[in-house]
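Text of the file work_31.cif, holding mmCIF, N, CA, C and O atoms:
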data_protein
#
loop_
_atom_site.label_atom_id
_atom_site.label_comp_id
_atom_site.auth_asym_id
_atom_site.auth_seq_id
_atom_site.Cartn_x
_atom_site.Cartn_y
_atom_site.Cartn_z
N MET V 286 -13.76 8.19 11.58
CA MET V 286 -12.84 7.68 10.58
C MET V 286 -11.43 7.63 11.15
O MET V 286 -11.08 8.42 12.03
N LYS V 287 -10.64 6.71 10.60
CA LYS V 287 -9.22 6.61 10.93
C LYS V 287 -8.42 6.79 9.64
O LYS V 287 -8.90 6.43 8.56
N TYR V 288 -7.22 7.32 9.80
CA TYR V 288 -6.39 7.64 8.64
C TYR V 288 -5.00 7.05 8.83
O TYR V 288 -4.44 7.10 9.93
N TYR V 289 -4.44 6.52 7.75
CA TYR V 289 -3.12 5.91 7.79
C TYR V 289 -2.31 6.24 6.55
O TYR V 289 -2.85 6.28 5.44
N LEU V 290 -1.04 6.44 6.77
CA LEU V 290 -0.07 6.41 5.70
C LEU V 290 0.52 5.01 5.76
O LEU V 290 1.02 4.60 6.80
N CYS V 291 0.41 4.28 4.67
CA CYS V 291 0.94 2.92 4.62
C CYS V 291 2.09 2.88 3.62
O CYS V 291 1.95 3.32 2.49
N LYS V 292 3.20 2.36 4.09
CA LYS V 292 4.40 2.26 3.27
C LYS V 292 4.63 0.80 2.92
O LYS V 292 4.78 -0.04 3.81
N PHE V 293 4.61 0.50 1.62
CA PHE V 293 4.94 -0.85 1.18
C PHE V 293 6.45 -0.95 1.07
O PHE V 293 7.07 -0.22 0.30
N VAL V 294 7.04 -1.84 1.85
CA VAL V 294 8.49 -2.02 1.86
C VAL V 294 8.81 -3.29 1.06
O VAL V 294 8.43 -4.39 1.47
N PRO V 295 9.47 -3.13 -0.08
CA PRO V 295 9.79 -4.30 -0.90
C PRO V 295 10.86 -5.17 -0.24
O PRO V 295 11.53 -4.74 0.70
N PRO V 296 11.05 -6.39 -0.75
CA PRO V 296 11.96 -7.33 -0.12
C PRO V 296 13.45 -7.01 -0.30
O PRO V 296 14.28 -7.56 0.40
N ARG V 297 13.77 -6.12 -1.24
CA ARG V 297 15.17 -5.76 -1.49
C ARG V 297 15.22 -4.37 -2.10
O ARG V 297 14.26 -3.92 -2.73
N ALA V 298 16.34 -3.69 -1.91
CA ALA V 298 16.47 -2.29 -2.35
C ALA V 298 16.29 -2.13 -3.86
O ALA V 298 15.74 -1.13 -4.31
N ASP V 299 16.75 -3.09 -4.64
CA ASP V 299 16.67 -2.96 -6.10
C ASP V 299 15.45 -3.68 -6.68
O ASP V 299 15.40 -4.01 -7.87
N PHE V 300 14.44 -3.90 -5.87
CA PHE V 300 13.25 -4.64 -6.27
C PHE V 300 12.62 -4.12 -7.56
O PHE V 300 12.27 -4.90 -8.44
N LEU V 301 12.48 -2.80 -7.67
CA LEU V 301 11.79 -2.23 -8.84
C LEU V 301 12.50 -2.54 -10.15
O LEU V 301 11.86 -2.55 -11.21
N THR V 302 13.79 -2.80 -10.10
CA THR V 302 14.54 -3.08 -11.34
C THR V 302 14.93 -4.54 -11.48
O THR V 302 15.49 -4.92 -12.52
N THR V 303 14.64 -5.37 -10.48
CA THR V 303 15.06 -6.78 -10.55
C THR V 303 13.92 -7.76 -10.31
O THR V 303 14.16 -8.92 -9.96
N MET V 304 12.68 -7.34 -10.51
CA MET V 304 11.55 -8.22 -10.26
C MET V 304 11.59 -9.44 -11.17
O MET V 304 11.87 -9.33 -12.37
N SER V 305 11.25 -10.59 -10.60
CA SER V 305 11.11 -11.82 -11.37
C SER V 305 9.79 -11.75 -12.15
O SER V 305 8.96 -10.86 -11.92
N ALA V 306 9.56 -12.72 -13.01
CA ALA V 306 8.30 -12.77 -13.77
C ALA V 306 7.11 -12.88 -12.82
O ALA V 306 6.09 -12.20 -13.01
N ASP V 307 7.23 -13.72 -11.78
CA ASP V 307 6.14 -13.83 -10.80
C ASP V 307 5.92 -12.52 -10.07
O ASP V 307 4.78 -12.09 -9.87
N GLU V 308 7.00 -11.87 -9.65
CA GLU V 308 6.89 -10.60 -8.94
C GLU V 308 6.24 -9.53 -9.82
O GLU V 308 5.43 -8.73 -9.34
N LEU V 309 6.56 -9.53 -11.10
CA LEU V 309 5.92 -8.58 -12.03
C LEU V 309 4.41 -8.83 -12.10
O LEU V 309 3.62 -7.88 -12.08
N THR V 310 4.03 -10.08 -12.14
CA THR V 310 2.61 -10.43 -12.16
C THR V 310 1.93 -9.96 -10.88
O THR V 310 0.86 -9.33 -10.93
N TRP V 311 2.55 -10.24 -9.74
CA TRP V 311 1.96 -9.85 -8.47
C TRP V 311 1.90 -8.33 -8.32
O TRP V 311 0.96 -7.80 -7.73
N MET V 312 2.89 -7.64 -8.86
CA MET V 312 2.86 -6.16 -8.80
C MET V 312 1.72 -5.62 -9.64
O MET V 312 1.08 -4.63 -9.28
N GLY V 313 1.44 -6.26 -10.77
CA GLY V 313 0.27 -5.86 -11.56
C GLY V 313 -1.02 -6.05 -10.78
O GLY V 313 -1.90 -5.19 -10.78
N GLN V 314 -1.12 -7.18 -10.07
CA GLN V 314 -2.29 -7.45 -9.24
C GLN V 314 -2.36 -6.46 -8.08
O GLN V 314 -3.45 -6.05 -7.67
N HIS V 315 -1.20 -6.08 -7.55
CA HIS V 315 -1.10 -5.08 -6.48
C HIS V 315 -1.72 -3.77 -6.95
O HIS V 315 -2.52 -3.15 -6.24
N GLY V 316 -1.38 -3.33 -8.16
CA GLY V 316 -1.94 -2.09 -8.71
C GLY V 316 -3.44 -2.16 -8.86
O GLY V 316 -4.16 -1.21 -8.53
N VAL V 317 -3.96 -3.29 -9.36
CA VAL V 317 -5.41 -3.48 -9.51
C VAL V 317 -6.08 -3.43 -8.14
O VAL V 317 -7.12 -2.79 -7.96
N PHE V 318 -5.47 -4.09 -7.16
CA PHE V 318 -5.99 -4.12 -5.79
C PHE V 318 -6.10 -2.70 -5.22
O PHE V 318 -7.15 -2.31 -4.68
N LEU V 319 -5.03 -1.93 -5.34
CA LEU V 319 -5.04 -0.56 -4.81
C LEU V 319 -6.02 0.33 -5.57
O LEU V 319 -6.73 1.14 -4.95
N ASN V 320 -6.10 0.18 -6.88
CA ASN V 320 -7.04 0.97 -7.67
C ASN V 320 -8.48 0.65 -7.29
O ASN V 320 -9.35 1.54 -7.30
N ASP V 321 -8.76 -0.62 -6.95
CA ASP V 321 -10.10 -0.99 -6.51
C ASP V 321 -10.43 -0.30 -5.19
O ASP V 321 -11.53 0.23 -5.01
N LEU V 322 -9.47 -0.28 -4.25
CA LEU V 322 -9.70 0.42 -2.98
C LEU V 322 -9.83 1.93 -3.20
O LEU V 322 -10.60 2.58 -2.49
N LEU V 323 -9.13 2.45 -4.17
CA LEU V 323 -9.26 3.87 -4.52
C LEU V 323 -10.68 4.15 -5.03
O LEU V 323 -11.32 5.13 -4.61
N ALA V 324 -11.18 3.29 -5.89
CA ALA V 324 -12.53 3.45 -6.43
C ALA V 324 -13.59 3.35 -5.34
O ALA V 324 -14.66 3.97 -5.45
N LYS V 325 -13.31 2.58 -4.29
CA LYS V 325 -14.25 2.39 -3.18
C LYS V 325 -14.06 3.46 -2.09
O LYS V 325 -14.68 3.37 -1.03
N ASN V 326 -13.19 4.44 -2.32
CA ASN V 326 -12.90 5.52 -1.38
C ASN V 326 -12.28 5.05 -0.07
O ASN V 326 -12.40 5.71 0.96
N VAL V 327 -11.62 3.90 -0.10
CA VAL V 327 -10.88 3.42 1.06
C VAL V 327 -9.48 4.03 1.03
O VAL V 327 -8.95 4.43 2.07
N ILE V 328 -8.91 4.12 -0.15
CA ILE V 328 -7.62 4.77 -0.36
C ILE V 328 -7.88 6.13 -1.00
O ILE V 328 -8.71 6.25 -1.90
N VAL V 329 -7.19 7.13 -0.51
CA VAL V 329 -7.32 8.49 -1.05
C VAL V 329 -6.32 8.71 -2.18
O VAL V 329 -6.61 9.39 -3.15
N ALA V 330 -5.13 8.10 -2.05
CA ALA V 330 -4.08 8.21 -3.07
C ALA V 330 -3.07 7.09 -2.85
O ALA V 330 -2.94 6.57 -1.75
N HIS V 331 -2.37 6.72 -3.93
CA HIS V 331 -1.30 5.73 -3.81
C HIS V 331 -0.33 5.89 -4.97
O HIS V 331 -0.67 6.45 -6.01
N GLY V 332 0.90 5.41 -4.76
CA GLY V 332 1.87 5.45 -5.83
C GLY V 332 3.27 5.09 -5.36
O GLY V 332 3.54 5.02 -4.16
N PRO V 333 4.17 4.85 -6.33
CA PRO V 333 5.55 4.49 -6.01
C PRO V 333 6.38 5.72 -5.66
O PRO V 333 6.13 6.81 -6.16
N VAL V 334 7.36 5.52 -4.80
CA VAL V 334 8.30 6.57 -4.42
C VAL V 334 9.68 6.11 -4.86
O VAL V 334 10.10 5.00 -4.54
N ILE V 335 10.37 6.95 -5.60
CA ILE V 335 11.73 6.64 -6.03
C ILE V 335 12.68 7.25 -5.01
O ILE V 335 12.64 8.44 -4.72
N ASP V 336 13.53 6.40 -4.45
CA ASP V 336 14.45 6.81 -3.41
C ASP V 336 15.82 6.25 -3.76
O ASP V 336 15.93 5.11 -4.21
N GLU V 337 16.87 7.02 -3.54
CA GLU V 337 18.22 6.56 -3.88
C GLU V 337 18.63 5.31 -3.10
O GLU V 337 19.50 4.57 -3.51
N ASN V 338 17.96 5.05 -1.98
CA ASN V 338 18.25 3.87 -1.18
C ASN V 338 17.34 2.69 -1.52
O ASN V 338 17.41 1.65 -0.89
N GLY V 339 16.47 2.89 -2.49
CA GLY V 339 15.52 1.85 -2.89
C GLY V 339 14.11 2.39 -2.88
O GLY V 339 13.72 3.10 -1.97
N GLY V 340 13.36 2.04 -3.90
CA GLY V 340 11.99 2.53 -4.01
C GLY V 340 11.05 1.80 -3.06
O GLY V 340 11.37 0.74 -2.52
N TYR V 341 9.89 2.39 -2.86
CA TYR V 341 8.84 1.80 -2.04
C TYR V 341 7.51 2.39 -2.47
O TYR V 341 7.47 3.31 -3.30
N GLY V 342 6.43 1.89 -1.94
CA GLY V 342 5.11 2.40 -2.28
C GLY V 342 4.46 3.08 -1.09
O GLY V 342 4.71 2.72 0.06
N VAL V 343 3.60 4.05 -1.37
CA VAL V 343 2.87 4.77 -0.34
C VAL V 343 1.39 4.80 -0.71
O VAL V 343 1.03 4.99 -1.87
N SER V 344 0.54 4.58 0.29
CA SER V 344 -0.89 4.72 0.10
C SER V 344 -1.49 5.41 1.33
O SER V 344 -1.01 5.22 2.44
N LEU V 345 -2.48 6.23 1.09
CA LEU V 345 -3.17 6.95 2.16
C LEU V 345 -4.57 6.35 2.31
O LEU V 345 -5.36 6.36 1.36
N TYR V 346 -4.83 5.80 3.47
CA TYR V 346 -6.09 5.13 3.75
C TYR V 346 -6.99 5.99 4.61
O TYR V 346 -6.53 6.70 5.51
N GLN V 347 -8.30 5.86 4.38
CA GLN V 347 -9.34 6.47 5.19
C GLN V 347 -10.35 5.36 5.46
O GLN V 347 -11.07 4.95 4.56
N ILE V 348 -10.34 4.84 6.69
CA ILE V 348 -11.19 3.70 7.01
C ILE V 348 -12.09 3.99 8.20
O ILE V 348 -11.83 4.90 8.99
N ALA V 349 -13.14 3.21 8.32
CA ALA V 349 -14.09 3.38 9.43
C ALA V 349 -13.41 3.03 10.75
O ALA V 349 -12.47 2.23 10.80
N ASP V 350 -13.89 3.63 11.83
CA ASP V 350 -13.31 3.43 13.15
C ASP V 350 -13.22 1.96 13.55
O ASP V 350 -12.28 1.55 14.21
N GLN V 351 -14.20 1.16 13.17
CA GLN V 351 -14.22 -0.24 13.58
C GLN V 351 -13.36 -1.14 12.69
O GLN V 351 -13.17 -2.32 12.99
N GLU V 352 -12.80 -0.60 11.62
CA GLU V 352 -11.98 -1.40 10.72
C GLU V 352 -10.51 -1.40 11.15
O GLU V 352 -10.05 -0.47 11.80
N ASP V 353 -9.83 -2.48 10.79
CA ASP V 353 -8.42 -2.65 11.11
C ASP V 353 -7.60 -2.51 9.83
O ASP V 353 -7.90 -3.17 8.83
N ILE V 354 -6.59 -1.67 9.86
CA ILE V 354 -5.80 -1.41 8.65
C ILE V 354 -5.17 -2.69 8.11
O ILE V 354 -5.07 -2.87 6.89
N THR V 355 -4.76 -3.59 8.99
CA THR V 355 -4.12 -4.83 8.50
C THR V 355 -5.10 -5.73 7.75
O THR V 355 -4.67 -6.55 6.94
N SER V 356 -6.39 -5.56 7.99
CA SER V 356 -7.36 -6.35 7.23
C SER V 356 -7.34 -5.96 5.76
O SER V 356 -7.72 -6.76 4.90
N PHE V 357 -6.91 -4.76 5.47
CA PHE V 357 -6.77 -4.31 4.07
C PHE V 357 -5.40 -4.69 3.51
O PHE V 357 -5.30 -5.35 2.48
N THR V 358 -4.35 -4.26 4.19
CA THR V 358 -3.01 -4.45 3.62
C THR V 358 -2.59 -5.91 3.56
O THR V 358 -1.82 -6.29 2.67
N SER V 359 -3.11 -6.74 4.44
CA SER V 359 -2.76 -8.18 4.39
C SER V 359 -3.38 -8.87 3.18
O SER V 359 -2.95 -9.96 2.81
N GLN V 360 -4.38 -8.25 2.56
CA GLN V 360 -5.02 -8.83 1.39
C GLN V 360 -4.37 -8.41 0.07
O GLN V 360 -4.75 -8.88 -0.99
N ASP V 361 -3.39 -7.53 0.14
CA ASP V 361 -2.68 -7.09 -1.05
C ASP V 361 -1.99 -8.31 -1.68
O ASP V 361 -1.27 -9.03 -0.99
N PRO V 362 -2.20 -8.56 -2.97
CA PRO V 362 -1.60 -9.74 -3.61
C PRO V 362 -0.08 -9.84 -3.45
O PRO V 362 0.45 -10.94 -3.31
N ILE V 363 0.61 -8.74 -3.45
CA ILE V 363 2.07 -8.79 -3.32
C ILE V 363 2.46 -9.28 -1.91
O ILE V 363 3.39 -10.06 -1.75
N VAL V 364 1.68 -8.88 -0.91
CA VAL V 364 1.93 -9.33 0.47
C VAL V 364 1.49 -10.79 0.63
O VAL V 364 2.21 -11.59 1.24
N LYS V 365 0.34 -11.13 0.08
CA LYS V 365 -0.15 -12.50 0.18
C LYS V 365 0.82 -13.50 -0.45
O LYS V 365 0.87 -14.66 -0.05
N ASN V 366 1.61 -13.04 -1.42
CA ASN V 366 2.59 -13.91 -2.06
C ASN V 366 3.96 -13.83 -1.40
O ASN V 366 4.95 -14.34 -1.94
N GLY V 367 4.04 -13.18 -0.23
CA GLY V 367 5.26 -13.17 0.56
C GLY V 367 6.35 -12.24 0.06
O GLY V 367 7.52 -12.45 0.36
N VAL V 368 5.95 -11.23 -0.69
CA VAL V 368 6.95 -10.29 -1.24
C VAL V 368 6.78 -8.93 -0.57
O VAL V 368 5.86 -8.18 -0.90
N GLY V 369 7.64 -8.62 0.38
CA GLY V 369 7.58 -7.34 1.07
C GLY V 369 6.52 -7.30 2.15
O GLY V 369 5.84 -8.29 2.42
N HIS V 370 6.39 -6.12 2.76
CA HIS V 370 5.43 -5.94 3.85
C HIS V 370 5.05 -4.47 3.93
O HIS V 370 5.66 -3.62 3.29
N TYR V 371 4.03 -4.20 4.73
CA TYR V 371 3.59 -2.83 4.97
C TYR V 371 3.99 -2.35 6.35
O TYR V 371 3.97 -3.11 7.32
N GLU V 372 4.32 -1.07 6.42
CA GLU V 372 4.42 -0.34 7.68
C GLU V 372 3.21 0.59 7.72
O GLU V 372 2.86 1.19 6.71
N HIS V 373 2.58 0.70 8.88
CA HIS V 373 1.37 1.52 9.04
C HIS V 373 1.66 2.68 9.97
O HIS V 373 2.15 2.46 11.08
N TYR V 374 1.32 3.88 9.53
CA TYR V 374 1.53 5.09 10.34
C TYR V 374 0.20 5.80 10.52
O TYR V 374 -0.45 6.19 9.54
N VAL V 375 -0.22 5.95 11.77
CA VAL V 375 -1.47 6.64 12.07
C VAL V 375 -1.33 8.12 11.75
O VAL V 375 -0.32 8.75 12.06
N MET V 376 -2.37 8.67 11.13
CA MET V 376 -2.43 10.11 10.85
C MET V 376 -3.55 10.70 11.71
O MET V 376 -4.60 10.05 11.88
N LEU V 377 -3.36 11.88 12.24
CA LEU V 377 -4.38 12.50 13.08
C LEU V 377 -5.60 12.92 12.26
O LEU V 377 -6.74 12.86 12.74
N HIS V 378 -5.37 13.34 11.04
CA HIS V 378 -6.45 13.65 10.12
C HIS V 378 -5.90 13.64 8.70
O HIS V 378 -4.68 13.58 8.51
N LEU V 379 -6.78 13.71 7.74
CA LEU V 379 -6.36 13.69 6.35
C LEU V 379 -7.26 14.65 5.57
O LEU V 379 -8.47 14.46 5.51
N ALA V 380 -6.67 15.68 5.05
CA ALA V 380 -7.40 16.63 4.21
C ALA V 380 -7.14 16.26 2.75
O ALA V 380 -6.00 15.95 2.38
N SER V 381 -8.18 16.26 1.95
CA SER V 381 -8.02 15.93 0.53
C SER V 381 -9.08 16.66 -0.28
O SER V 381 -10.04 17.18 0.26
N ARG V 382 -8.86 16.66 -1.57
CA ARG V 382 -9.86 17.27 -2.46
C ARG V 382 -11.08 16.38 -2.51
O ARG V 382 -10.97 15.16 -2.44
N PRO V 383 -12.25 16.98 -2.66
CA PRO V 383 -13.48 16.18 -2.77
C PRO V 383 -13.52 15.40 -4.07
O PRO V 383 -12.88 15.64 -5.00
#

Target encoding structure tokens, full file:
Amino acid sequence: MKYYLCKFVPPRADFLTTMSADELTWMGQHGVFLNDLLAKNVIVAHGPVIDENGGYGVSLYQIADQEDITSFTSQDPIVKNGVGHYEHYVMLHLASRP
């Protein structure tokens, strides 16, 4: 298995408070997408982070050795619609509750 901390970087610092109607729709789809991966045990946890310099999202992935992390994050509806991007950080291991 491979493990990643993935940081969703929004397109602007005030994104969480200034989303357009389209961006709100895509963020809803983003949540459904991540919850689906959570249900499939691909994601261990995910959620928004509030930061004084601008919020962002974090998700913890656990994927098979032959899988590529970008094959997952590139399919996120918010990314597919050109709003923000992901940074991927390799983790040596990931301990979690069963």

I'd like the neighbourhood of segment 368-379 of chain V as JSON, numbers by chain, where a residue qualifies if any of its atoms comes within 5 Å (using only N, CA, C and O atoms), though same-chain residues fewer than 6 positions away should be ignored. {"V": [288, 289, 290, 291, 292, 293, 294, 295, 296]}

Please extract the residues of chain V with a backbone DSSP assignment of helix (DSSP H, G or I) and present them as a PyMOL selection string. chain V and resi 300-303+306-324+354-358+362-365

Applying 4.5 Å and all atoms listed in the file, which residues near Val343 of chain V remain after dropping the ones on its own chain fewer than 6 positions away? List them as an MDAnalysis selection string. chainID V and resid 291 330:332

Residues selected by the PyMOL selection byres (((chain V and resi 312-322 and name CA) around 12) and name CA), written as a PyMOL selection string: chain V and resi 291+293+295+300-301+304-311+323-333+342-348+357-369

Could you state the separation of atom CA of Ala298 of chain V and atom CA of Asp353 of chain V in Å, given to one decimal place?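 Atom-to-atom, atom CA of Ala298 of chain V to atom CA of Asp353 of chain V, that is 28.3 Å.
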
Pairwise distance for atom CA of Asp336 of chain V and atom CA of Arg382 of chain V, rounded to one decimal in Å: 26.5 Å

Write out as a list in words all residues of segment 304-365 of chain V that DSSP puts in strand (DSSP E or B) for this structure's backbone. Ile328, Val329, Ala330, His331, Gly332, Pro333, Val334, Tyr341, Gly342, Val343, Ser344, Leu345, Tyr346, Gln347 and Ile348 of chain V

Output N, CA, C and O atoms for every residue in the selection just made, as a short mmCIF file (atom, residue, chain, number, x, y, z; two decimals), in the coordinates of the input.
data_model
loop_
_atom_site.label_atom_id
_atom_site.label_comp_id
_atom_site.auth_asym_id
_atom_site.auth_seq_id
_atom_site.Cartn_x
_atom_site.Cartn_y
_atom_site.Cartn_z
N ILE V 328 -8.91 4.12 -0.15
CA ILE V 328 -7.62 4.77 -0.36
C ILE V 328 -7.88 6.13 -1.00
O ILE V 328 -8.71 6.25 -1.90
N VAL V 329 -7.19 7.13 -0.51
CA VAL V 329 -7.32 8.49 -1.05
C VAL V 329 -6.32 8.71 -2.18
O VAL V 329 -6.61 9.39 -3.15
N ALA V 330 -5.13 8.10 -2.05
CA ALA V 330 -4.08 8.21 -3.07
C ALA V 330 -3.07 7.09 -2.85
O ALA V 330 -2.94 6.57 -1.75
N HIS V 331 -2.37 6.72 -3.93
CA HIS V 331 -1.30 5.73 -3.81
C HIS V 331 -0.33 5.89 -4.97
O HIS V 331 -0.67 6.45 -6.01
N GLY V 332 0.90 5.41 -4.76
CA GLY V 332 1.87 5.45 -5.83
C GLY V 332 3.27 5.09 -5.36
O GLY V 332 3.54 5.02 -4.16
N PRO V 333 4.17 4.85 -6.33
CA PRO V 333 5.55 4.49 -6.01
C PRO V 333 6.38 5.72 -5.66
O PRO V 333 6.13 6.81 -6.16
N VAL V 334 7.36 5.52 -4.80
CA VAL V 334 8.30 6.57 -4.42
C VAL V 334 9.68 6.11 -4.86
O VAL V 334 10.10 5.00 -4.54
N TYR V 341 9.89 2.39 -2.86
CA TYR V 341 8.84 1.80 -2.04
C TYR V 341 7.51 2.39 -2.47
O TYR V 341 7.47 3.31 -3.30
N GLY V 342 6.43 1.89 -1.94
CA GLY V 342 5.11 2.40 -2.28
C GLY V 342 4.46 3.08 -1.09
O GLY V 342 4.71 2.72 0.06
N VAL V 343 3.60 4.05 -1.37
CA VAL V 343 2.87 4.77 -0.34
C VAL V 343 1.39 4.80 -0.71
O VAL V 343 1.03 4.99 -1.87
N SER V 344 0.54 4.58 0.29
CA SER V 344 -0.89 4.72 0.10
C SER V 344 -1.49 5.41 1.33
O SER V 344 -1.01 5.22 2.44
N LEU V 345 -2.48 6.23 1.09
CA LEU V 345 -3.17 6.95 2.16
C LEU V 345 -4.57 6.35 2.31
O LEU V 345 -5.36 6.36 1.36
N TYR V 346 -4.83 5.80 3.47
CA TYR V 346 -6.09 5.13 3.75
C TYR V 346 -6.99 5.99 4.61
O TYR V 346 -6.53 6.70 5.51
N GLN V 347 -8.30 5.86 4.38
CA GLN V 347 -9.34 6.47 5.19
C GLN V 347 -10.35 5.36 5.46
O GLN V 347 -11.07 4.95 4.56
N ILE V 348 -10.34 4.84 6.69
CA ILE V 348 -11.19 3.70 7.01
C ILE V 348 -12.09 3.99 8.20
O ILE V 348 -11.83 4.90 8.99
#

In Å and to one decimal, atom O of Ile354 of chain V is distant from atom O of Met286 of chain V by 13.8 Å

Listed atoms of segment 295-299 of chain V boxed axis-aligned with 4 Å per side, centre + edges as AutoDock Vina command-line options:
--center_x 13.1 --center_y -4.3 --center_z -3.6 --size_x 15.3 --size_y 14.4 --size_z 16.6
